$ cat upload32.txt   # compact mmCIF, C-alpha atoms and all ligand atoms
# COMPACT_ATOMS: atom_id res chain seq x y z
CA MET A 48 -60.08 -32.58 -34.00
CA SER A 49 -62.91 -33.60 -36.27
CA GLU A 50 -66.18 -32.41 -34.69
CA GLN A 51 -67.25 -28.81 -35.40
CA ALA A 52 -65.54 -26.37 -33.04
CA LEU A 53 -67.65 -24.12 -30.82
CA LEU A 54 -64.83 -21.58 -30.91
CA ARG A 55 -62.04 -21.39 -33.45
CA VAL A 56 -59.23 -18.86 -33.55
CA ASP A 57 -57.33 -18.81 -36.75
CA ASP A 58 -53.83 -17.40 -37.16
CA ILE A 59 -54.33 -14.53 -34.73
CA HIS A 60 -51.67 -11.82 -34.60
CA LYS A 61 -51.65 -9.01 -32.08
CA ARG A 62 -48.91 -6.44 -31.68
CA PHE A 63 -48.47 -3.65 -29.14
CA GLY A 64 -46.03 -1.24 -30.80
CA GLY A 65 -42.86 -3.27 -31.27
CA LEU A 66 -44.05 -6.15 -29.05
CA THR A 67 -45.69 -9.16 -30.64
CA ALA A 68 -48.11 -10.53 -28.02
CA LEU A 69 -49.80 -13.09 -30.31
CA ASP A 70 -47.82 -14.51 -33.18
CA GLY A 71 -50.14 -16.66 -35.30
CA VAL A 72 -52.28 -18.39 -32.68
CA SER A 73 -54.71 -21.05 -33.95
CA MET A 74 -56.77 -23.25 -31.64
CA GLU A 75 -60.17 -24.82 -31.20
CA VAL A 76 -62.56 -25.21 -28.29
CA HIS A 77 -65.24 -27.89 -28.51
CA ALA A 78 -68.54 -28.27 -26.72
CA GLY A 79 -68.87 -30.87 -23.98
CA ARG A 80 -65.33 -30.55 -22.64
CA VAL A 81 -63.58 -28.10 -20.33
CA PHE A 82 -60.62 -26.52 -22.09
CA GLY A 83 -57.65 -24.91 -20.35
CA LEU A 84 -55.36 -22.19 -21.66
CA ILE A 85 -52.04 -22.16 -19.87
CA GLY A 86 -48.61 -20.64 -20.36
CA PRO A 87 -45.99 -18.61 -18.52
CA ASN A 88 -46.54 -14.99 -17.50
CA GLY A 89 -46.63 -12.75 -20.55
CA SER A 90 -47.23 -15.60 -23.02
CA GLY A 91 -50.38 -13.91 -24.36
CA LYS A 92 -53.28 -15.68 -22.63
CA THR A 93 -55.19 -12.60 -21.50
CA THR A 94 -54.49 -10.84 -24.80
CA LEU A 95 -56.05 -13.83 -26.56
CA PHE A 96 -59.12 -13.64 -24.28
CA ASN A 97 -59.32 -9.91 -25.06
CA VAL A 98 -59.18 -10.58 -28.80
CA ILE A 99 -61.79 -13.36 -28.60
CA THR A 100 -64.22 -11.26 -26.56
CA GLY A 101 -63.87 -8.00 -28.50
CA PHE A 102 -61.85 -6.09 -25.88
CA ALA A 103 -58.94 -5.95 -28.32
CA GLN A 104 -58.88 -6.14 -32.11
CA PRO A 105 -56.48 -8.58 -33.79
CA ASP A 106 -54.02 -7.21 -36.34
CA ASP A 107 -54.60 -10.35 -38.35
CA GLY A 108 -56.58 -13.57 -38.20
CA GLN A 109 -60.13 -14.65 -37.49
CA VAL A 110 -62.29 -15.63 -34.53
CA VAL A 111 -65.23 -17.90 -35.34
CA PHE A 112 -67.81 -18.67 -32.66
CA ASP A 113 -70.69 -21.06 -33.19
CA GLY A 114 -70.12 -20.94 -36.94
CA GLU A 115 -70.02 -17.15 -37.19
CA ARG A 116 -67.11 -14.69 -37.46
CA ILE A 117 -66.99 -12.46 -34.39
CA ASP A 118 -63.65 -10.66 -34.67
CA GLY A 119 -64.31 -6.92 -34.94
CA LEU A 120 -67.50 -7.09 -32.86
CA SER A 121 -67.80 -5.07 -29.63
CA PRO A 122 -67.61 -6.92 -26.28
CA ASP A 123 -71.34 -6.33 -25.83
CA LYS A 124 -72.17 -7.91 -29.19
CA VAL A 125 -69.86 -10.85 -28.48
CA SER A 126 -71.61 -11.55 -25.17
CA ARG A 127 -74.99 -11.37 -26.93
CA LYS A 128 -73.78 -14.15 -29.22
CA GLY A 129 -73.38 -16.34 -26.13
CA LEU A 130 -69.67 -15.90 -25.42
CA CYS A 131 -69.03 -14.39 -21.99
CA ARG A 132 -65.98 -13.92 -19.81
CA THR A 133 -64.69 -13.09 -16.38
CA PHE A 134 -61.61 -11.01 -15.55
CA GLN A 135 -58.55 -11.58 -13.37
CA ALA A 136 -59.69 -8.77 -11.08
CA SER A 137 -63.24 -7.71 -10.28
CA LEU A 138 -64.62 -4.88 -12.43
CA ASN A 139 -67.91 -4.79 -10.49
CA PRO A 140 -69.15 -1.52 -9.01
CA GLN A 141 -67.90 -2.11 -5.48
CA HIS A 142 -70.59 -0.03 -3.73
CA MET A 143 -73.43 -1.97 -5.35
CA THR A 144 -74.78 -5.07 -3.67
CA VAL A 145 -74.34 -8.60 -4.96
CA MET A 146 -77.93 -8.69 -6.21
CA GLU A 147 -77.66 -5.26 -7.87
CA ASN A 148 -74.54 -6.44 -9.66
CA MET A 149 -76.33 -9.58 -10.81
CA LEU A 150 -79.19 -7.53 -12.20
CA LEU A 151 -76.78 -5.35 -14.18
CA ALA A 152 -76.03 -8.35 -16.36
CA PRO A 153 -79.29 -9.24 -18.16
CA GLN A 154 -79.58 -8.12 -21.72
CA ASN A 155 -81.84 -8.27 -24.75
CA GLN A 156 -84.33 -6.51 -22.53
CA VAL A 157 -87.52 -5.39 -24.13
CA GLY A 158 -87.06 -1.89 -22.71
CA GLU A 159 -83.87 -1.08 -24.53
CA ASN A 160 -85.49 1.59 -26.65
CA ILE A 161 -87.91 4.21 -25.50
CA LEU A 162 -90.77 3.26 -27.83
CA SER A 163 -90.82 -0.33 -26.69
CA THR A 164 -90.51 0.85 -23.10
CA VAL A 165 -93.70 2.84 -23.48
CA LEU A 166 -95.56 0.18 -25.43
CA ARG A 167 -94.55 -2.86 -23.47
CA ILE A 168 -94.29 -1.98 -19.80
CA GLY A 169 -95.99 -5.19 -18.72
CA ARG A 170 -93.46 -7.30 -20.57
CA ILE A 171 -90.61 -5.37 -18.93
CA ARG A 172 -91.98 -6.14 -15.47
CA GLU A 173 -92.24 -9.79 -16.44
CA GLN A 174 -88.62 -9.76 -17.57
CA GLU A 175 -87.52 -8.08 -14.37
CA GLU A 176 -89.21 -10.80 -12.35
CA GLU A 177 -87.62 -13.48 -14.52
CA SER A 178 -84.22 -11.84 -14.03
CA LEU A 179 -84.71 -11.71 -10.29
CA ASP A 180 -85.70 -15.38 -10.15
CA ARG A 181 -82.77 -16.34 -12.32
CA ALA A 182 -80.37 -14.26 -10.19
CA TRP A 183 -81.56 -16.06 -7.04
CA ASP A 184 -81.11 -19.48 -8.64
CA ILE A 185 -77.61 -18.61 -9.83
CA LEU A 186 -76.61 -17.05 -6.50
CA LYS A 187 -77.62 -20.29 -4.78
CA LEU A 188 -75.52 -22.24 -7.25
CA VAL A 189 -72.43 -20.03 -6.75
CA LYS A 190 -73.04 -19.99 -2.99
CA LEU A 191 -73.64 -16.25 -2.68
CA ASP A 192 -77.36 -16.39 -1.85
CA HIS A 193 -76.60 -15.46 1.79
CA GLN A 194 -74.74 -12.33 0.57
CA VAL A 195 -77.35 -10.70 -1.69
CA ASP A 196 -77.28 -7.39 0.22
CA THR A 197 -73.50 -7.28 0.70
CA PRO A 198 -71.67 -4.60 -1.29
CA ALA A 199 -69.44 -6.27 -3.90
CA GLY A 200 -66.45 -4.45 -2.37
CA SER A 201 -66.89 -6.33 0.93
CA LEU A 202 -66.68 -9.79 -0.66
CA SER A 203 -63.50 -11.86 -0.42
CA GLY A 204 -61.36 -12.32 -3.55
CA GLY A 205 -62.86 -15.74 -4.21
CA GLN A 206 -66.41 -14.53 -3.72
CA LYS A 207 -65.77 -11.70 -6.19
CA LYS A 208 -64.75 -14.34 -8.73
CA LEU A 209 -67.92 -16.30 -8.02
CA LEU A 210 -69.93 -13.11 -8.52
CA MET A 211 -68.31 -12.55 -11.93
CA LEU A 212 -69.13 -16.15 -12.85
CA GLY A 213 -72.70 -15.63 -11.64
CA GLN A 214 -73.05 -12.51 -13.79
CA ALA A 215 -71.77 -14.37 -16.83
CA LEU A 216 -74.35 -17.09 -16.19
CA MET A 217 -77.15 -14.53 -16.21
CA LEU A 218 -76.52 -14.18 -19.94
CA ARG A 219 -77.11 -17.92 -20.60
CA PRO A 220 -73.80 -18.21 -22.46
CA LYS A 221 -72.83 -21.13 -24.68
CA LEU A 222 -69.22 -20.64 -23.63
CA ILE A 223 -67.63 -18.89 -20.63
CA LEU A 224 -64.01 -17.77 -20.65
CA LEU A 225 -62.67 -17.75 -17.09
CA ASP A 226 -59.52 -15.67 -16.50
CA GLU A 227 -57.69 -17.16 -13.48
CA PRO A 228 -60.75 -18.21 -11.47
CA VAL A 229 -58.74 -19.25 -8.38
CA ALA A 230 -55.78 -16.83 -8.40
CA GLY A 231 -55.36 -15.26 -4.97
CA VAL A 232 -58.24 -17.30 -3.53
CA ASN A 233 -57.93 -19.12 -0.19
CA PRO A 234 -57.76 -22.95 -0.40
CA ARG A 235 -61.22 -23.63 1.01
CA LEU A 236 -62.87 -21.30 -1.47
CA ILE A 237 -60.77 -22.79 -4.29
CA GLU A 238 -62.53 -26.09 -3.54
CA ASP A 239 -65.91 -24.33 -3.73
CA ILE A 240 -65.05 -22.68 -7.04
CA VAL A 241 -63.85 -25.98 -8.52
CA GLU A 242 -67.04 -27.67 -7.33
CA VAL A 243 -69.23 -24.95 -8.87
CA ILE A 244 -67.44 -25.16 -12.23
CA ARG A 245 -67.72 -28.96 -12.22
CA LYS A 246 -71.41 -28.80 -11.42
CA LEU A 247 -72.00 -26.33 -14.24
CA GLN A 248 -69.98 -28.49 -16.60
CA ARG A 249 -72.16 -31.50 -15.73
CA GLN A 250 -75.17 -29.34 -16.58
CA GLY A 251 -73.69 -28.76 -20.04
CA GLN A 252 -71.91 -25.42 -19.56
CA ASN A 253 -68.80 -25.08 -21.74
CA PHE A 254 -65.65 -23.40 -20.42
CA LEU A 255 -62.25 -22.19 -21.55
CA ILE A 256 -60.14 -21.48 -18.47
CA ILE A 257 -56.88 -19.58 -17.99
CA GLU A 258 -55.27 -20.84 -14.81
CA HIS A 259 -51.78 -21.05 -13.29
CA ASN A 260 -52.77 -23.47 -10.52
CA MET A 261 -51.85 -26.80 -12.12
CA GLN A 262 -53.76 -28.85 -9.56
CA VAL A 263 -56.92 -26.99 -10.54
CA VAL A 264 -56.08 -27.32 -14.24
CA ARG A 265 -55.75 -31.09 -13.78
CA GLN A 266 -58.98 -31.26 -11.80
CA LEU A 267 -61.06 -29.24 -14.24
CA CYS A 268 -59.67 -29.39 -17.75
CA ASP A 269 -60.00 -32.31 -20.16
CA THR A 270 -57.93 -30.61 -22.83
CA ILE A 271 -55.35 -27.81 -22.72
CA HIS A 272 -53.68 -25.42 -25.10
CA VAL A 273 -50.26 -24.19 -24.01
CA LEU A 274 -49.08 -20.75 -25.11
CA ASP A 275 -45.47 -19.66 -25.06
CA ALA A 276 -44.25 -16.29 -26.34
CA GLY A 277 -47.46 -15.70 -28.26
CA ARG A 278 -47.50 -19.09 -30.00
CA VAL A 279 -49.23 -22.40 -29.35
CA LEU A 280 -46.53 -24.67 -27.98
CA ALA A 281 -48.70 -27.75 -27.42
CA SER A 282 -52.34 -28.88 -27.36
CA GLY A 283 -53.99 -32.07 -26.18
CA ALA A 284 -55.29 -34.13 -23.28
CA THR A 285 -54.35 -32.37 -20.02
CA ARG A 286 -52.27 -35.03 -18.26
CA GLU A 287 -50.25 -36.06 -21.30
CA THR A 288 -49.69 -32.50 -22.48
CA LEU A 289 -48.49 -31.36 -19.04
CA GLN A 290 -45.86 -34.08 -19.15
CA ARG A 291 -44.38 -33.09 -22.49
CA GLU A 292 -40.78 -31.97 -22.09
CA GLU A 293 -41.22 -28.74 -24.06
CA VAL A 294 -44.17 -27.79 -21.85
CA LEU A 295 -42.26 -28.52 -18.64
CA LYS A 296 -39.31 -26.54 -19.90
CA ALA A 297 -41.17 -23.53 -21.24
CA TYR A 298 -44.08 -23.27 -18.88
CA LEU A 299 -43.11 -24.77 -15.58
CA GLY A 300 -39.46 -23.76 -15.73
CA ARG A 301 -38.53 -26.92 -13.84
CA ARG A 302 -35.97 -29.47 -14.90
CA THR A 303 -37.82 -32.65 -14.09
CA ARG A 304 -41.38 -33.91 -14.07
CA GLU A 305 -41.13 -34.69 -10.39
CA GLU A 306 -40.18 -31.11 -9.54
CA ALA A 307 -43.04 -29.82 -11.70
CA GLY A 308 -45.48 -32.25 -10.06
CA ALA A 309 -46.68 -33.36 -13.50
N1 LIG B 1 -52.26 -3.10 -23.63
C1 LIG B 1 -51.01 -3.52 -23.76
N2 LIG B 1 -50.03 -2.69 -24.17
C2 LIG B 1 -48.76 -3.10 -24.33
N3 LIG B 1 -48.34 -4.37 -24.09
C3 LIG B 1 -49.28 -5.24 -23.66
C4 LIG B 1 -50.65 -4.87 -23.46
N4 LIG B 1 -51.34 -5.96 -23.04
C5 LIG B 1 -50.44 -6.96 -22.96
N5 LIG B 1 -49.20 -6.53 -23.32
C6 LIG B 1 -47.99 -7.35 -23.40
O1 LIG B 1 -48.32 -8.49 -24.18
C7 LIG B 1 -47.67 -9.65 -23.67
C8 LIG B 1 -48.73 -10.71 -23.34
O2 LIG B 1 -49.43 -10.28 -22.17
P1 LIG B 1 -50.66 -11.07 -21.57
O3 LIG B 1 -51.18 -10.27 -20.43
O4 LIG B 1 -51.59 -11.43 -22.65
O5 LIG B 1 -49.95 -12.39 -21.02
P2 LIG B 1 -50.54 -13.50 -20.05
O6 LIG B 1 -50.11 -14.81 -20.61
O7 LIG B 1 -51.99 -13.29 -19.84
O8 LIG B 1 -49.75 -13.20 -18.70
P3 LIG B 1 -50.18 -13.47 -17.16
O9 LIG B 1 -50.16 -14.96 -16.98
O10 LIG B 1 -49.08 -12.79 -16.39
O11 LIG B 1 -51.53 -12.85 -16.95
C9 LIG B 1 -46.86 -9.19 -22.46
O12 LIG B 1 -45.53 -8.95 -22.87
C10 LIG B 1 -47.55 -7.92 -22.05
O13 LIG B 1 -46.66 -7.05 -21.38

$ encode --input "upload32.txt" --output "structure tokens"
Amino acid sequence: MSEQALLRVDDIHKRFGGLTALDGVSMEVHAGRVFGLIGPNGSGKTTLFNVITGFAQPDDGQVVFDGERIDGLSPDKVSRKGLCRTFQASLNPQHMTVMENMLLAPQNQVGENILSTVLRIGRIREQEEESLDRAWDILKLVKLDHQVDTPAGSLSGGQKKLLMLGQALMLRPKLILLDEPVAGVNPRLIEDIVEVIRKLQRQGQNFLIIEHNMQVVRQLCDTIHVLDAGRVLASGATRETLQREEVLKAYLGRRTREEAGA
């Protein structure tokens, strides 16, 4: 891949005691395309997301985002650089409403230290209004604008995933890492989530997506990286890569392409 990568992970190693979760993973994610990260259960996908976003530190290797090394930074600092993520399960305060959850996300607020709070109250109000406007726009986009006063805990599984995506968007990220955006979601809402991601992609939003649903991977991802046992097994255009024998064997666990639906 010749153009400059938006995200590059370089020879990442991560061990948990005697278990090697990531064993020299190198891959690139480029702007303007949706990338997928697939692989069997336990192959290291979430661990890699954790390493990229500062939730886990690598034992070895580098993470470079937008030309800058980010390994070793805290999750908060990573998101401030424009690299945000969602999780497999909702981490939102369940008693807080959808809108309250959305307003938890904004950062780089003027009022982050007491002196500036005192000196610049007007600017804070302005920012709050901007955040509120932005939250409304995003909630419309992710189809949660009719649920603003609903506690996060009362949303369906798919709506919780849309809320996490909405919160990530509040931070105006250059890249969003989605961890299984349709797992456990009912089919109708899967269509909505796919549509929202496509719309965002057309607007220039970059994504790296972990997903087990191959139909969704085919619909959304231009390029995939396949992990197996903590190593990159294959990378390339989605359709071709999904048909490679080693991928079918390792990932899909099926004997033929027909059985795997590739
Ligand atoms: N905090 C941890 N402590 C110990 N082992 C861990 C920890 N996190 C992950 N692992 C192990 O690391 C390996 C990779 O796990 P990981 O969750 O990254 O895989 P995955 O590809 O995301 O799997 P899935 O598709 O099931 O979500 C697994 O063997 C897992 O049990």

$ residues_around --input "upload32.txt" --residues "A:Glu75" --least-positions-apart "4" --cutoff "6 Å" --atoms "all atoms listed in the file" --output "ChimeraX atom specification"
/A:52,54-55

$ residues_near_ligand --input "upload32.txt" --ligand "ligand LIG 1 (chain B)" --cutoff "6 Å" --atoms "all atoms listed in the file" --output "VMD selection string"
chain A and resid 63 68 87 to 94

$ write_last_selection --input "upload32.txt" --atoms "C-alpha atoms" --output "PDB file, in the coordinates of the input"
ATOM      1  CA  PHE A  63     -48.470  -3.650 -29.140  1.00  0.00           C
ATOM      2  CA  ALA A  68     -48.110 -10.530 -28.020  1.00  0.00           C
ATOM      3  CA  PRO A  87     -45.990 -18.610 -18.520  1.00  0.00           C
ATOM      4  CA  ASN A  88     -46.540 -14.990 -17.500  1.00  0.00           C
ATOM      5  CA  GLY A  89     -46.630 -12.750 -20.550  1.00  0.00           C
ATOM      6  CA  SER A  90     -47.230 -15.600 -23.020  1.00  0.00           C
ATOM      7  CA  GLY A  91     -50.380 -13.910 -24.360  1.00  0.00           C
ATOM      8  CA  LYS A  92     -53.280 -15.680 -22.630  1.00  0.00           C
ATOM      9  CA  THR A  93     -55.190 -12.600 -21.500  1.00  0.00           C
ATOM     10  CA  THR A  94     -54.490 -10.840 -24.800  1.00  0.00           C
TER      11      THR A  94
END

$ closest_atom_pairs --input "upload32.txt" --of "stretch 206-229 of chain A" --to "stretch 124-140 of chain A" --cutoff "8 Å" --atoms "all atoms listed in the file" --output "CSV"
residue,atom,partner,partner_atom,distance
A:Lys207,CA,A:Ser137,CA,6.2
A:Lys208,CA,A:Ser137,CA,7.0
A:Met211,CA,A:Thr133,CA,5.8
A:Leu212,CA,A:Thr133,CA,6.4
A:Ala215,CA,A:Cys131,CA,5.8
A:Leu218,CA,A:Gly129,CA,7.3
A:Arg219,CA,A:Gly129,CA,6.9
A:Pro220,CA,A:Gly129,CA,4.1
A:Lys221,CA,A:Gly129,CA,5.0
A:Leu222,CA,A:Leu130,CA,5.1
A:Ile223,CA,A:Cys131,CA,4.9
A:Leu224,CA,A:Arg132,CA,4.4
A:Leu225,CA,A:Thr133,CA,5.1
A:Asp226,CA,A:Phe134,CA,5.2
A:Glu227,CA,A:Gln135,CA,5.6
A:Pro228,CA,A:Gln135,CA,7.2

$ atom_distance --input "upload32.txt" --atom1 "atom CA of A:Leu216" --atom2 "atom CA of A:Glu176"
16.6 Å

$ closest_residue --input "upload32.txt" --among "A:Leu150, A:Ala281, A:Ile256, A:Ala199" --to "A:Gln174" --atoms "all atoms listed in the file"
A:Leu150

$ atom_distance --input "upload32.txt" --atom1 "atom CA of A:Val76" --atom2 "atom CA of A:Arg62"
23.5 Å

$ closest_residue --input "upload32.txt" --among "A:Met146, A:Leu280, A:Leu274, A:Ile185" --to "A:Ile85" --atoms "all atoms listed in the file"
A:Leu274

$ residues_around --input "upload32.txt" --residues "A:Ile117" --least-positions-apart "5" --cutoff "9 Å" --atoms "all atoms listed in the file" --output "number ranges by chain"
A: 99-101, 109-112, 124-125, 128

$ atom_distance --input "upload32.txt" --atom1 "atom CA of A:Met261" --atom2 "atom CA of A:Leu53"
24.6 Å

$ residues_near_point --input "upload32.txt" --point "(-57.8, -21.8, -3.3)" --cutoff "12 Å" --atoms "only C-alpha atoms" --output "PyMOL selection string"
chain A and resi 203-206+208+227-242+258-263

$ closest_residue --input "upload32.txt" --among "A:Thr270, A:Thr285, A:Gln214, A:Asn253" --to "A:Asp184" --atoms "all atoms listed in the file"
A:Gln214

$ build_atoms --input "upload32.txt" --residues "stretch 79-92 of chain A" --atoms "N, CA and C atoms" --output "PDB file, in the frame of the given file"
ATOM      1  N   GLY A  79     -68.836 -29.615 -24.734  1.00  0.00           N
ATOM      2  CA  GLY A  79     -68.870 -30.870 -23.980  1.00  0.00           C
ATOM      3  C   GLY A  79     -67.594 -31.203 -23.243  1.00  0.00           C
ATOM      4  N   ARG A  80     -66.595 -30.334 -23.359  1.00  0.00           N
ATOM      5  CA  ARG A  80     -65.330 -30.550 -22.640  1.00  0.00           C
ATOM      6  C   ARG A  80     -64.910 -29.241 -22.004  1.00  0.00           C
ATOM      7  N   VAL A  81     -64.156 -29.315 -20.900  1.00  0.00           N
ATOM      8  CA  VAL A  81     -63.580 -28.100 -20.330  1.00  0.00           C
ATOM      9  C   VAL A  81     -62.169 -27.944 -20.895  1.00  0.00           C
ATOM     10  N   PHE A  82     -61.931 -26.800 -21.510  1.00  0.00           N
ATOM     11  CA  PHE A  82     -60.620 -26.520 -22.090  1.00  0.00           C
ATOM     12  C   PHE A  82     -59.831 -25.581 -21.189  1.00  0.00           C
ATOM     13  N   GLY A  83     -58.532 -25.806 -21.093  1.00  0.00           N
ATOM     14  CA  GLY A  83     -57.650 -24.910 -20.350  1.00  0.00           C
ATOM     15  C   GLY A  83     -56.724 -24.178 -21.303  1.00  0.00           C
ATOM     16  N   LEU A  84     -56.348 -22.961 -20.908  1.00  0.00           N
ATOM     17  CA  LEU A  84     -55.360 -22.190 -21.660  1.00  0.00           C
ATOM     18  C   LEU A  84     -54.267 -21.816 -20.668  1.00  0.00           C
ATOM     19  N   ILE A  85     -53.103 -22.423 -20.831  1.00  0.00           N
ATOM     20  CA  ILE A  85     -52.040 -22.160 -19.870  1.00  0.00           C
ATOM     21  C   ILE A  85     -50.807 -21.633 -20.588  1.00  0.00           C
ATOM     22  N   GLY A  86     -49.844 -21.178 -19.789  1.00  0.00           N
ATOM     23  CA  GLY A  86     -48.610 -20.640 -20.360  1.00  0.00           C
ATOM     24  C   GLY A  86     -47.971 -19.714 -19.359  1.00  0.00           C
ATOM     25  N   PRO A  87     -46.672 -19.461 -19.491  1.00  0.00           N
ATOM     26  CA  PRO A  87     -45.990 -18.610 -18.520  1.00  0.00           C
ATOM     27  C   PRO A  87     -46.510 -17.172 -18.554  1.00  0.00           C
ATOM     28  N   ASN A  88     -46.152 -16.397 -17.545  1.00  0.00           N
ATOM     29  CA  ASN A  88     -46.540 -14.990 -17.500  1.00  0.00           C
ATOM     30  C   ASN A  88     -46.084 -14.305 -18.780  1.00  0.00           C
ATOM     31  N   GLY A  89     -46.992 -13.508 -19.351  1.00  0.00           N
ATOM     32  CA  GLY A  89     -46.630 -12.750 -20.550  1.00  0.00           C
ATOM     33  C   GLY A  89     -46.687 -13.549 -21.839  1.00  0.00           C
ATOM     34  N   SER A  90     -47.216 -14.785 -21.789  1.00  0.00           N
ATOM     35  CA  SER A  90     -47.230 -15.600 -23.020  1.00  0.00           C
ATOM     36  C   SER A  90     -48.370 -15.231 -23.957  1.00  0.00           C
ATOM     37  N   GLY A  91     -49.331 -14.411 -23.466  1.00  0.00           N
ATOM     38  CA  GLY A  91     -50.380 -13.910 -24.360  1.00  0.00           C
ATOM     39  C   GLY A  91     -51.785 -14.404 -24.057  1.00  0.00           C
ATOM     40  N   LYS A  92     -51.978 -15.069 -22.937  1.00  0.00           N
ATOM     41  CA  LYS A  92     -53.280 -15.680 -22.630  1.00  0.00           C
ATOM     42  C   LYS A  92     -54.398 -14.636 -22.510  1.00  0.00           C
TER      43      LYS A  92
END
